[in-house]
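> Contents of final34.txt (compact mmCIF, C-alpha atoms) are given next:
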# COMPACT_ATOMS: atom_id res chain seq x y z
CA GLN A 37 -47.45 -71.97 50.11
CA VAL A 38 -50.23 -73.84 48.34
CA THR A 39 -53.36 -71.73 48.67
CA GLY A 40 -56.28 -70.43 46.68
CA TYR A 41 -58.12 -71.79 43.68
CA LEU A 42 -57.31 -74.93 41.72
CA ASP A 43 -57.16 -74.88 37.91
CA ASP A 44 -60.15 -76.35 36.04
CA CYS A 45 -62.24 -76.18 39.27
CA THR A 46 -64.28 -73.73 41.29
CA CYS A 47 -62.79 -75.06 44.52
CA ASP A 48 -59.95 -73.78 46.68
CA VAL A 49 -57.35 -75.43 48.90
CA GLU A 50 -58.61 -73.94 52.16
CA THR A 51 -62.14 -75.35 51.73
CA ILE A 52 -60.73 -78.85 51.16
CA ASP A 53 -58.36 -78.60 54.14
CA ALA A 54 -61.13 -77.62 56.55
CA PHE A 55 -63.58 -80.22 55.21
CA ASN A 56 -61.09 -83.08 55.10
CA ASN A 57 -59.05 -82.52 58.24
CA TYR A 58 -61.88 -81.84 60.67
CA LYS A 59 -64.92 -83.62 59.23
CA LEU A 60 -64.09 -86.43 56.86
CA PHE A 61 -60.65 -87.77 57.78
CA PRO A 62 -61.47 -88.98 61.35
CA ARG A 63 -64.59 -90.88 60.20
CA LEU A 64 -62.87 -92.37 57.17
CA ASN A 65 -59.99 -93.61 59.32
CA GLU A 66 -62.41 -95.41 61.62
CA LEU A 67 -64.08 -97.10 58.65
CA LEU A 68 -60.77 -98.26 57.16
CA GLU A 69 -59.76 -99.92 60.42
CA SER A 70 -62.80 -102.21 60.28
CA ASP A 71 -62.50 -105.84 59.16
CA TYR A 72 -64.34 -105.31 55.88
CA PHE A 73 -61.89 -102.66 54.67
CA ARG A 74 -58.60 -103.84 56.13
CA TYR A 75 -58.35 -107.12 54.18
CA TYR A 76 -57.45 -106.73 50.52
CA LYS A 77 -56.88 -109.69 48.21
CA VAL A 78 -53.99 -109.15 45.83
CA ASN A 79 -51.69 -111.11 43.56
CA LEU A 80 -48.17 -109.77 44.10
CA GLN A 81 -46.59 -112.55 42.00
CA LYS A 82 -47.76 -111.39 38.57
CA PRO A 83 -44.83 -110.89 36.20
CA CYS A 84 -44.15 -107.45 34.74
CA PRO A 85 -45.81 -107.43 31.28
CA PHE A 86 -43.61 -104.69 29.79
CA TRP A 87 -39.99 -105.56 30.47
CA ASP A 88 -37.94 -108.39 31.98
CA ASP A 89 -37.69 -107.53 35.58
CA ASN A 90 -35.89 -109.53 38.20
CA SER A 91 -34.88 -106.58 40.31
CA HIS A 92 -36.98 -107.35 43.36
CA CYS A 93 -36.18 -105.23 46.35
CA GLY A 94 -34.30 -107.32 48.90
CA MET A 95 -34.80 -104.91 51.81
CA ARG A 96 -36.92 -106.24 54.63
CA ASP A 97 -39.15 -103.15 54.68
CA CYS A 98 -40.23 -104.05 51.14
CA ALA A 99 -41.74 -107.35 52.24
CA VAL A 100 -45.49 -107.88 52.56
CA GLN A 101 -46.81 -110.22 55.23
CA PRO A 102 -49.90 -112.03 53.86
CA CYS A 103 -52.60 -113.22 56.30
CA PRO A 104 -52.93 -116.83 57.33
CA SER A 105 -56.35 -117.65 55.91
CA ASP A 106 -57.86 -118.44 59.32
CA GLU A 107 -57.30 -114.80 60.32
CA VAL A 108 -59.52 -113.48 57.52
CA PRO A 109 -63.16 -113.32 58.66
CA ASP A 110 -65.26 -116.16 57.20
CA GLY A 111 -67.73 -113.79 55.64
CA ILE A 112 -65.01 -112.12 53.57
CA ARG A 113 -63.45 -115.41 52.48
CA SER A 114 -66.74 -117.00 51.45
CA GLY A 115 -67.78 -113.87 49.57
CA SER A 116 -71.40 -114.43 50.58
CA TYR A 117 -74.06 -111.97 51.67
CA LYS A 118 -76.28 -113.16 54.53
CA TYR A 119 -78.33 -111.14 57.01
CA SER A 120 -81.56 -110.52 55.20
CA GLU A 121 -84.70 -112.23 54.01
CA GLU A 122 -83.25 -111.49 50.60
CA ALA A 123 -80.30 -113.75 51.41
CA ASN A 124 -81.34 -116.23 48.74
CA ASN A 125 -82.57 -113.72 46.25
CA LEU A 126 -81.40 -113.35 42.71
CA ALA A 127 -78.42 -111.14 43.45
CA GLU A 128 -76.76 -113.74 45.65
CA GLU A 129 -77.49 -116.57 43.24
CA CYS A 130 -75.97 -114.59 40.42
CA GLU A 131 -72.98 -113.62 42.46
CA GLU A 132 -72.40 -117.26 43.39
CA ALA A 133 -72.89 -118.51 39.85
CA LYS A 134 -70.54 -115.87 38.54
CA ARG A 135 -68.01 -116.91 41.18
CA LEU A 136 -68.18 -120.52 40.08
CA GLY A 137 -67.71 -119.38 36.52
CA ALA A 138 -70.55 -121.44 35.12
CA VAL A 139 -74.29 -121.23 34.61
CA ASP A 140 -75.75 -123.79 37.00
CA ASP A 141 -78.67 -125.81 35.61
CA SER A 142 -80.42 -125.81 38.96
CA LEU A 143 -80.97 -122.05 38.76
CA SER A 144 -84.32 -120.77 37.61
CA LYS A 145 -84.66 -119.43 34.10
CA GLU A 146 -84.73 -115.82 35.39
CA ALA A 147 -81.63 -116.38 37.48
CA ARG A 148 -79.79 -117.91 34.51
CA GLN A 149 -80.75 -114.91 32.41
CA ALA A 150 -79.40 -112.64 35.14
CA VAL A 151 -76.13 -114.56 35.29
CA LEU A 152 -75.66 -114.10 31.56
CA GLN A 153 -76.31 -110.40 31.98
CA TRP A 154 -73.68 -110.35 34.72
CA ALA A 155 -71.18 -112.00 32.41
CA GLN A 156 -71.92 -109.52 29.65
CA HIS A 157 -71.60 -106.72 32.16
CA ASP A 158 -68.19 -107.99 33.23
CA ASP A 159 -67.01 -108.14 29.65
CA SER A 160 -68.27 -104.66 28.96
CA SER A 161 -65.85 -101.81 28.73
CA ASP A 162 -66.47 -99.89 31.92
CA SER A 163 -63.39 -101.05 33.79
CA PHE A 164 -60.41 -98.73 34.08
CA CYS A 165 -58.17 -101.31 35.72
CA GLU A 166 -56.51 -104.56 34.93
CA ALA A 167 -57.98 -106.43 37.89
CA ASP A 168 -56.18 -109.27 39.61
CA ASP A 169 -57.71 -112.71 39.23
CA ILE A 170 -58.57 -113.08 42.90
CA HIS A 171 -59.26 -116.80 42.43
CA SER A 172 -55.68 -117.40 41.29
CA PRO A 173 -53.65 -119.56 43.71
CA ASP A 174 -51.15 -116.66 43.89
CA ALA A 175 -53.73 -114.18 45.20
CA GLU A 176 -53.55 -113.74 48.96
CA TYR A 177 -55.31 -111.65 51.57
CA VAL A 178 -53.21 -108.87 53.05
CA ASP A 179 -54.06 -106.99 56.24
CA LEU A 180 -53.49 -103.38 55.20
CA LEU A 181 -53.15 -102.22 58.82
CA LEU A 182 -50.20 -104.58 59.35
CA ASN A 183 -48.56 -103.55 56.05
CA PRO A 184 -48.78 -99.74 56.13
CA GLU A 185 -47.59 -97.62 53.23
CA ARG A 186 -44.33 -95.96 54.25
CA TYR A 187 -40.74 -95.38 53.18
CA THR A 188 -39.09 -98.72 52.34
CA GLY A 189 -35.79 -97.61 50.81
CA TYR A 190 -37.04 -98.50 47.30
CA LYS A 191 -35.73 -95.69 45.08
CA GLY A 192 -33.20 -94.96 42.35
CA PRO A 193 -33.30 -96.18 38.72
CA ASP A 194 -35.90 -98.93 39.29
CA ALA A 195 -38.45 -96.64 40.91
CA TRP A 196 -37.67 -93.88 38.39
CA LYS A 197 -38.29 -96.30 35.50
CA ILE A 198 -41.84 -96.98 36.75
CA TRP A 199 -42.85 -93.32 36.97
CA ASN A 200 -41.05 -92.48 33.74
CA SER A 201 -42.96 -95.21 31.91
CA ILE A 202 -46.24 -93.90 33.35
CA TYR A 203 -45.63 -90.26 32.41
CA GLU A 204 -43.85 -90.74 29.08
CA GLU A 205 -46.01 -93.48 27.58
CA ASN A 206 -49.42 -93.08 29.17
CA CYS A 207 -50.10 -89.39 29.76
CA PHE A 208 -50.80 -88.38 26.12
CA LYS A 209 -47.56 -86.41 26.02
CA PRO A 210 -45.55 -86.09 22.78
CA GLN A 211 -41.95 -87.32 23.04
CA ASN A 212 -40.46 -83.96 22.11
CA VAL A 213 -42.11 -82.18 25.07
CA LYS A 214 -39.91 -82.81 28.09
CA ARG A 215 -41.34 -83.04 31.59
CA PRO A 216 -40.14 -80.43 34.06
CA LEU A 217 -37.14 -81.65 36.07
CA ALA A 218 -36.78 -84.77 33.89
CA PRO A 219 -33.20 -85.47 32.76
CA GLY A 220 -32.25 -83.82 29.46
CA ARG A 221 -35.24 -81.47 29.47
CA GLY A 222 -33.36 -78.39 28.37
CA ASP A 223 -33.46 -75.34 30.59
CA ASP A 224 -36.76 -73.64 29.98
CA GLY A 225 -38.05 -74.36 33.52
CA GLY A 226 -40.94 -76.44 32.25
CA HIS A 227 -42.23 -73.62 30.04
CA THR A 228 -42.69 -75.84 26.95
CA PHE A 229 -44.36 -78.54 29.00
CA TYR A 230 -46.91 -76.24 30.63
CA LYS A 231 -47.59 -74.51 27.34
CA TRP A 232 -48.38 -77.95 25.88
CA LEU A 233 -50.50 -78.92 28.89
CA LYS A 234 -52.52 -75.72 28.67
CA GLY A 235 -53.18 -76.36 25.00
CA VAL A 236 -54.57 -79.90 25.30
CA CYS A 237 -58.22 -80.73 25.98
CA VAL A 238 -59.50 -80.69 29.54
CA GLU A 239 -59.68 -84.52 29.70
CA LYS A 240 -56.02 -85.06 28.82
CA ARG A 241 -54.99 -82.31 31.20
CA ALA A 242 -57.08 -83.92 33.94
CA PHE A 243 -55.48 -87.30 33.24
CA TYR A 244 -51.98 -85.88 33.71
CA ARG A 245 -53.05 -84.05 36.86
CA LEU A 246 -54.59 -87.19 38.38
CA ILE A 247 -51.36 -89.14 37.85
CA SER A 248 -49.25 -86.25 39.16
CA GLY A 249 -51.60 -85.99 42.18
CA LEU A 250 -51.27 -89.71 42.87
CA HIS A 251 -47.47 -89.41 42.62
CA ALA A 252 -47.51 -86.45 45.03
CA SER A 253 -49.74 -88.31 47.46
CA ILE A 254 -47.42 -91.34 47.52
CA ASN A 255 -44.41 -89.05 48.07
CA ILE A 256 -46.16 -87.40 51.02
CA HIS A 257 -46.80 -90.80 52.63
CA LEU A 258 -43.13 -91.75 52.20
CA SER A 259 -42.00 -88.43 53.73
CA ALA A 260 -44.51 -88.63 56.59
CA ARG A 261 -43.68 -92.22 57.55
CA TYR A 262 -39.95 -92.18 57.05
CA LEU A 263 -37.53 -94.53 58.80
CA LEU A 264 -35.95 -92.14 61.29
CA GLN A 265 -34.23 -94.67 63.51
CA ASP A 266 -33.24 -98.27 62.85
CA THR A 267 -31.49 -100.02 65.72
CA TRP A 268 -31.58 -103.60 66.93
CA SER A 269 -33.99 -102.60 69.70
CA GLU A 270 -36.46 -100.50 67.74
CA LYS A 271 -37.51 -98.90 64.49
CA LYS A 272 -38.94 -95.43 64.58
CA TRP A 273 -41.03 -93.99 61.76
CA GLY A 274 -42.07 -90.36 61.48
CA PRO A 275 -42.08 -87.18 59.39
CA ASN A 276 -38.87 -86.31 57.53
CA VAL A 277 -39.06 -82.60 56.76
CA THR A 278 -35.91 -82.60 54.57
CA GLU A 279 -37.31 -85.39 52.39
CA PHE A 280 -40.61 -83.49 52.11
CA GLN A 281 -38.84 -80.27 51.10
CA GLN A 282 -36.74 -82.00 48.44
CA ARG A 283 -39.96 -83.13 46.77
CA PHE A 284 -42.21 -80.11 47.31
CA ASP A 285 -40.31 -76.94 48.28
CA GLU A 286 -40.92 -74.25 45.66
CA VAL A 287 -37.27 -73.19 45.44
CA LEU A 288 -35.71 -76.67 45.58
CA THR A 289 -38.05 -77.97 42.86
CA SER A 290 -37.91 -74.87 40.61
CA GLY A 291 -41.60 -74.18 41.19
CA GLU A 292 -42.74 -77.77 40.59
CA GLY A 293 -43.55 -78.65 44.23
CA PRO A 294 -46.61 -76.40 44.65
CA ARG A 295 -47.97 -77.58 41.28
CA ARG A 296 -47.66 -81.19 42.42
CA LEU A 297 -49.53 -80.38 45.60
CA LYS A 298 -52.31 -78.64 43.68
CA ASN A 299 -52.63 -81.80 41.60
CA LEU A 300 -53.04 -83.76 44.83
CA TYR A 301 -56.01 -81.54 45.71
CA PHE A 302 -57.40 -82.10 42.20
CA LEU A 303 -57.18 -85.87 42.73
CA TYR A 304 -58.95 -85.42 46.08
CA LEU A 305 -61.84 -83.59 44.38
CA ILE A 306 -62.24 -86.27 41.69
CA GLU A 307 -62.34 -89.14 44.20
CA LEU A 308 -64.63 -87.18 46.54
CA ARG A 309 -66.98 -86.53 43.63
CA ALA A 310 -67.13 -90.27 42.88
CA LEU A 311 -68.06 -91.02 46.51
CA SER A 312 -70.86 -88.46 46.36
CA LYS A 313 -72.20 -90.07 43.16
CA VAL A 314 -72.16 -93.72 44.28
CA LEU A 315 -74.45 -93.26 47.30
CA PRO A 316 -77.51 -94.98 45.69
CA PHE A 317 -75.51 -98.20 45.20
CA PHE A 318 -74.64 -98.45 48.92
CA GLU A 319 -77.97 -97.15 50.23
CA ARG A 320 -79.92 -100.20 49.06
CA PRO A 321 -81.11 -102.34 52.00
CA SER A 322 -79.76 -105.45 50.24
CA PHE A 323 -76.21 -104.11 50.24
CA GLN A 324 -74.26 -105.47 53.21
CA LEU A 325 -70.66 -105.06 54.33
CA TYR A 326 -70.64 -108.75 55.18
CA THR A 327 -67.87 -110.11 57.42
CA GLY A 328 -69.93 -112.46 59.62
CA ASN A 329 -70.04 -110.10 62.62
CA GLU A 330 -73.62 -108.85 62.33
CA ARG A 331 -73.44 -105.99 64.85
CA GLN A 332 -70.15 -104.61 63.52
CA ASP A 333 -71.33 -104.95 59.91
CA ALA A 334 -74.47 -102.90 60.65
CA GLU A 335 -72.42 -100.23 62.44
CA MET A 336 -69.92 -100.02 59.58
CA LYS A 337 -72.64 -99.72 56.95
CA HIS A 338 -74.10 -96.86 59.01
CA LEU A 339 -70.68 -95.17 59.17
CA LEU A 340 -70.12 -95.76 55.44
CA LEU A 341 -73.42 -94.02 54.58
CA GLU A 342 -72.57 -91.17 56.95
CA ILE A 343 -69.28 -90.67 55.06
CA LEU A 344 -71.03 -90.76 51.67
CA HIS A 345 -73.67 -88.24 52.80
CA LEU A 346 -70.86 -86.05 54.10
CA ALA A 347 -69.11 -86.33 50.71
CA LYS A 348 -72.35 -85.34 49.02
CA SER A 349 -72.66 -82.27 51.26
CA PHE A 350 -69.29 -80.85 50.14
CA PRO A 351 -70.09 -77.36 48.80
CA LEU A 352 -67.67 -77.03 45.87
CA HIS A 353 -67.72 -80.31 43.97
CA PHE A 354 -65.78 -80.84 40.77
CA ASP A 355 -68.10 -80.63 37.76
CA GLU A 356 -67.30 -83.64 35.61
CA ASN A 357 -69.86 -82.61 32.99
CA SER A 358 -67.09 -80.76 31.19
CA PHE A 359 -65.53 -84.17 30.44
CA PHE A 360 -66.18 -85.81 27.06
CA ALA A 361 -68.80 -83.20 26.30
CA GLY A 362 -68.05 -82.41 22.65
CA ASN A 363 -68.84 -84.28 19.46
CA LYS A 364 -70.28 -87.68 20.49
CA LYS A 365 -68.05 -89.76 18.26
CA GLU A 366 -64.89 -87.89 19.25
CA ALA A 367 -65.90 -88.01 22.91
CA ALA A 368 -66.41 -91.79 22.81
CA LYS A 369 -63.02 -92.26 21.16
CA LEU A 370 -61.32 -90.05 23.74
CA LYS A 371 -63.04 -91.81 26.62
CA GLU A 372 -61.84 -95.17 25.33
CA GLU A 373 -58.27 -93.83 25.01
CA PHE A 374 -58.51 -92.47 28.54
CA ARG A 375 -59.66 -95.87 29.83
CA LEU A 376 -56.96 -97.84 28.01
CA HIS A 377 -54.19 -95.50 29.17
CA PHE A 378 -55.35 -95.89 32.74
CA LYS A 379 -55.61 -99.67 32.34
CA ASN A 380 -52.01 -99.68 31.14
CA ILE A 381 -50.92 -97.80 34.24
CA SER A 382 -52.62 -100.41 36.43
CA LYS A 383 -50.58 -103.09 34.60
CA ILE A 384 -47.32 -101.16 35.16
CA MET A 385 -47.89 -101.63 38.91
CA ASP A 386 -46.91 -105.29 38.41
CA CYS A 387 -43.42 -104.04 37.49
CA VAL A 388 -42.81 -102.35 40.85
CA GLY A 389 -39.86 -104.15 42.45
CA CYS A 390 -40.76 -103.49 46.10
CA PHE A 391 -43.71 -105.66 47.14
CA LYS A 392 -45.05 -103.21 49.70
CA CYS A 393 -44.90 -100.39 47.13
CA ARG A 394 -46.51 -102.76 44.60
CA LEU A 395 -49.34 -103.58 47.02
CA TRP A 396 -50.16 -99.92 47.66
CA GLY A 397 -49.59 -98.94 44.02
CA LYS A 398 -52.06 -101.59 42.84
CA LEU A 399 -54.60 -100.65 45.50
CA GLN A 400 -54.42 -96.91 44.77
CA THR A 401 -54.65 -97.32 40.99
CA GLN A 402 -57.59 -99.72 41.39
CA GLY A 403 -59.24 -97.22 43.73
CA LEU A 404 -58.79 -94.32 41.30
CA GLY A 405 -59.91 -96.57 38.41
CA THR A 406 -63.06 -97.42 40.40
CA ALA A 407 -63.70 -93.71 41.03
CA LEU A 408 -63.45 -93.05 37.27
CA LYS A 409 -65.77 -95.98 36.55
CA ILE A 410 -68.32 -94.42 38.95
CA LEU A 411 -68.08 -90.97 37.35
CA PHE A 412 -68.59 -92.43 33.89
CA SER A 413 -71.53 -94.61 35.00
CA GLU A 414 -73.68 -91.86 36.45
CA ASN A 415 -76.76 -92.63 34.37
CA LEU A 416 -76.53 -96.34 35.29
CA ILE A 417 -76.25 -95.51 39.01
CA GLU A 418 -79.34 -93.31 38.82
CA LYS A 419 -81.32 -96.28 37.47
CA ILE A 420 -80.36 -98.70 40.27
CA PRO A 421 -83.55 -100.28 41.70
CA GLU A 422 -83.98 -100.08 45.48
CA SER A 423 -84.08 -103.85 45.85
CA GLY A 424 -82.82 -106.78 43.85
CA PRO A 425 -79.71 -106.81 41.67
CA SER A 426 -78.44 -103.74 39.84
CA TYR A 427 -77.53 -105.18 36.45
CA GLY A 428 -76.28 -102.00 34.91
CA PHE A 429 -73.80 -101.03 37.60
CA GLN A 430 -71.85 -103.31 39.92
CA LEU A 431 -68.89 -102.99 42.27
CA THR A 432 -66.99 -106.02 43.52
CA ARG A 433 -65.74 -106.19 47.08
CA GLN A 434 -62.22 -105.62 45.67
CA GLU A 435 -63.32 -102.39 44.02
CA ILE A 436 -65.13 -101.20 47.16
CA VAL A 437 -62.12 -101.87 49.41
CA ALA A 438 -59.78 -100.22 46.89
CA LEU A 439 -62.05 -97.19 46.36
CA PHE A 440 -62.25 -96.29 50.06
CA ASN A 441 -58.65 -97.15 50.91
CA ALA A 442 -57.35 -95.14 47.94
CA PHE A 443 -59.42 -92.16 49.02
CA GLY A 444 -58.16 -92.79 52.56
CA ARG A 445 -54.60 -92.38 51.26
CA VAL A 446 -55.38 -89.07 49.52
CA SER A 447 -57.28 -87.85 52.58
CA THR A 448 -54.27 -88.79 54.74
CA SER A 449 -51.98 -86.82 52.41
CA VAL A 450 -54.08 -83.67 52.80
CA LYS A 451 -53.99 -84.14 56.59
CA GLU A 452 -50.20 -84.76 56.56
CA LEU A 453 -49.71 -81.52 54.62
CA GLU A 454 -51.14 -79.66 57.59
CA ASN A 455 -48.64 -81.45 59.87
CA PHE A 456 -45.72 -80.52 57.58
CA ARG A 457 -46.92 -76.91 57.44
CA ASN A 458 -46.86 -76.77 61.22
CA LEU A 459 -43.43 -78.41 61.44
CA LEU A 460 -41.99 -75.96 58.88
CA GLN A 461 -43.62 -73.04 60.68
CA ASN A 462 -41.96 -74.06 63.95
CA MET A 463 -38.56 -74.38 62.26
CA ARG A 464 -38.60 -70.79 60.97
Transcribe the structure of this file into structure tokens.

Amino acid sequence: QVTGYLDDCTCDVETIDAFNNYKLFPRLNELLESDYFRYYKVNLQKPCPFWDDNSHCGMRDCAVQPCPSDEVPDGIRSGSYKYSEEANNLAEECEEAKRLGAVDDSLSKEARQAVLQWAQHDDSSDSFCEADDIHSPDAEYVDLLLNPERYTGYKGPDAWKIWNSIYEENCFKPQNVKRPLAPGRGDDGGHTFYKWLKGVCVEKRAFYRLISGLHASINIHLSARYLLQDTWSEKKWGPNVTEFQQRFDEVLTSGEGPRRLKNLYFLYLIELRALSKVLPFFERPSFQLYTGNERQDAEMKHLLLEILHLAKSFPLHFDENSFFAGNKKEAAKLKEEFRLHFKNISKIMDCVGCFKCRLWGKLQTQGLGTALKILFSENLIEKIPESGPSYGFQLTRQEIVALFNAFGRVSTSVKELENFRNLLQNMR
């Protein structure tokens, strides 16, 4: 039932479906199965910063199996970048010095200067996420292919509290405007809420729609990989049409379902736009997807660039120039609010009681945060030199892995929608 144009965009659902399902999704899947993208370092032991929370999910499907460190490719663990005559150039020295957290006296004066610029860059306010300290003893590598995002049984008041905290406290919404279908909302069918949403500035509306799109995407994954059979001999996961309908059917959700799905497409456009913008960063010869397997790394960089060129070729991109376009002072203030709200949401992920849901929640918020960082750093990306370090704009391996995996999740959701459409068609 979700067709046609999306609000605040010139794009329509059908164009995205055709582009994603037949061109982009298969290539992206292949990339995400490679060693560079399947290992994500995450700290799942951080305490919830907002409320006392001991309600960890005891179900076995909530558990995350970290990797024994000898399974993680050396190149990823050492965080180094070999393979080129530039292997000892400034960028690597800086990276290493930054990693050791100190300015090494043995570095040349230029390199020291660069390290200081790195540090300043890291302290600067371009990050939309509360990043994990990946050098913490609690941070571990997780193989994302062995810990897929799917239904774990984590639901009820604990899960509701997370989403409620995100929507009520971080989406710029006044307390007296009730969300559609939220308890105690009155009976106006969301009329007051959508009237409010229509009246706010495009940035705040976009913020709400991104979060709603992320929520929809996660719900599609849970419906598409549902535990259908659980016996001592086998577990079977697959699409649960009833679960999908409860979350998205127009009648069952009083009209909310199709809106949620349109917000998913909006999220897709924003993340796709970021991929199309970040091409210069990855095109540099000095950028390597380094795992230690030279042939595979070269192939994966080639595939990565193919995906980014494909993203760039998309005909109906979202135009982010409408964001923060008014009065400079007001725009800067709004951008900062936007960033801090999103940062807060990334912190809320440490309150998720199910570790598998926490893993994927953290990864997807970091990925979306990285996409926003890219969109707001366009002028820095344009100035990236072809060789040597790019002081103005940097992405860590964590951000790169999160960016592509998060987009992989949204791309999967769009593909799964097609599967659910077909299943529902066959049931009629």
> Excluding Lys371 in chain A and any residue of its chain fewer than 5 positions from it, enumerate the residues within 9 Å of it, using all atoms listed in the file, and give them as a list in words.
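Here the answer would be Glu239, Phe359, Phe360, Glu366 and Leu376 of chain A.
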> Using only C-alpha atoms, pick whichever of A:Thr327, A:Asp333, A:Cys387, A:Val238 has the shortest atom-to-atom distance to Asp110 in chain A.
A:Thr327
> Within 9 Å of range 44-56 of chain A, counting all atoms listed in the file, which residues show up once you throw out same-chain ones fewer than 6 positions away? Write them as a ChimeraX atom specification, please.
/A:38,62,238,242,298,301-302,304-305,350-355,447-448,450-451,454
> Select, from A:Ile436, A:Leu395, A:Leu460, A:Ile381, the residue with the minimum atom-to-atom distance to Leu325 in chain A, counting all atoms listed in the file.
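Closest to Leu325 in chain A, using all atoms listed in the file: A:Ile436.
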> Can you pull out every residue within 10 Å of Glu66 in chain A, counting all atoms listed in the file, but drop anything in the same chain fewer than 5 positions away, and send it as an NGL selection string?
:A and (61 or 336 or 339-340)
> Suppose we keep C-alpha atoms; can you now write the selection as a PDB file, keeping the file's coordinate frame?

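Saved to part20.pdb:
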ATOM      1  CA  PHE A  61     -60.650 -87.770  57.780  1.00  0.00           C
ATOM      2  CA  MET A 336     -69.920-100.020  59.580  1.00  0.00           C
ATOM      3  CA  LEU A 339     -70.680 -95.170  59.170  1.00  0.00           C
ATOM      4  CA  LEU A 340     -70.120 -95.760  55.440  1.00  0.00           C
TER       5      LEU A 340
END
> Name the closest residue to Glu372 in chain A among the candidates A:Trp199, A:Tyr41, A:Tyr187, A:Phe164; distances are taken between atoms, counting only C-alpha atoms.
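Closest to Glu372 in chain A of all the choices is A:Phe164.
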> So how far away is CA of Leu408 in chain A from CA of Leu453 in chain A, in Å?
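Separating CA of Leu453 in chain A from CA of Leu408 in chain A is a distance of 25.0 Å.
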> Taking into account all atoms listed in the file, which residue in the set A:Val446, A:Ile417, A:Cys84, A:Val213 is nearest to Ser253 in chain A?
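Going through A:Val446, A:Ile417, A:Cys84, A:Val213 one by one, the smallest distance to Ser253 in chain A is for A:Val446.
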> As an exercise, work out the distance from CA of Val100 in chain A to CA of Asn183 in chain A in Å and give it to one decimal place.
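Spanning CA of Val100 in chain A to CA of Asn183 in chain A is a straight-line distance of 6.4 Å.
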> Could you check how far CA of Thr432 in chain A sits from CA of Arg331 in chain A, in Å to one decimal?
22.3 Å
> Find the spatial neighbours of Cys207 in chain A, counting all atoms listed in the file, within a cut-off of 9 Å - ignore same-chain residues fewer than 4 positions away - and output them as a short mmCIF file (atom, residue, chain, number, x, y, z; two decimals) with C-alpha atoms, keeping the file's coordinate frame.

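Generated output (out_13.cif):
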data_model
loop_
_atom_site.label_atom_id
_atom_site.label_comp_id
_atom_site.auth_asym_id
_atom_site.auth_seq_id
_atom_site.Cartn_x
_atom_site.Cartn_y
_atom_site.Cartn_z
CA ILE A 202 -46.24 -93.90 33.35
CA TYR A 203 -45.63 -90.26 32.41
CA LYS A 240 -56.02 -85.06 28.82
CA ARG A 241 -54.99 -82.31 31.20
CA PHE A 243 -55.48 -87.30 33.24
CA TYR A 244 -51.98 -85.88 33.71
CA ILE A 247 -51.36 -89.14 37.85
CA HIS A 377 -54.19 -95.50 29.17
CA PHE A 378 -55.35 -95.89 32.74
#
> Restricting the calculation to all atoms listed in the file, which member of A:Ala175, A:Gly389, A:Leu42, A:His257 is positioned closest to Asp194 in chain A?
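Going through A:Ala175, A:Gly389, A:Leu42, A:His257 one by one, the smallest distance to Asp194 in chain A is for A:Gly389.
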> For Ser413 in chain A, find every residue with an atom within 12 Å (counting all atoms listed in the file), except residues of its own chain fewer than 6 positions away, and show them as a PyMOL selection string.
chain A and resi 161-164+310+313-314+317+356+406-407+419-420+428-431
> The selected residues should be written to file as a tab-separated table (two decimals), in the coordinates of the input (atoms: C-alpha atoms).

chain	number	residue	atom	x	y	z
A	161	SER	CA	-65.85	-101.81	28.73
A	162	ASP	CA	-66.47	-99.89	31.92
A	163	SER	CA	-63.39	-101.05	33.79
A	164	PHE	CA	-60.41	-98.73	34.08
A	310	ALA	CA	-67.13	-90.27	42.88
A	313	LYS	CA	-72.20	-90.07	43.16
A	314	VAL	CA	-72.16	-93.72	44.28
A	317	PHE	CA	-75.51	-98.20	45.20
A	356	GLU	CA	-67.30	-83.64	35.61
A	406	THR	CA	-63.06	-97.42	40.40
A	407	ALA	CA	-63.70	-93.71	41.03
A	419	LYS	CA	-81.32	-96.28	37.47
A	420	ILE	CA	-80.36	-98.70	40.27
A	428	GLY	CA	-76.28	-102.00	34.91
A	429	PHE	CA	-73.80	-101.03	37.60
A	430	GLN	CA	-71.85	-103.31	39.92
A	431	LEU	CA	-68.89	-102.99	42.27
> Go through A:Tyr58, A:Tyr262, A:Phe208, A:Tyr72 one by one, measure the shortest atom-to-atom distance of each to Gly328 in chain A using only C-alpha atoms, and give the residue with the smallest value.
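Counting only C-alpha atoms, the residue closest to Gly328 in chain A is A:Tyr72.
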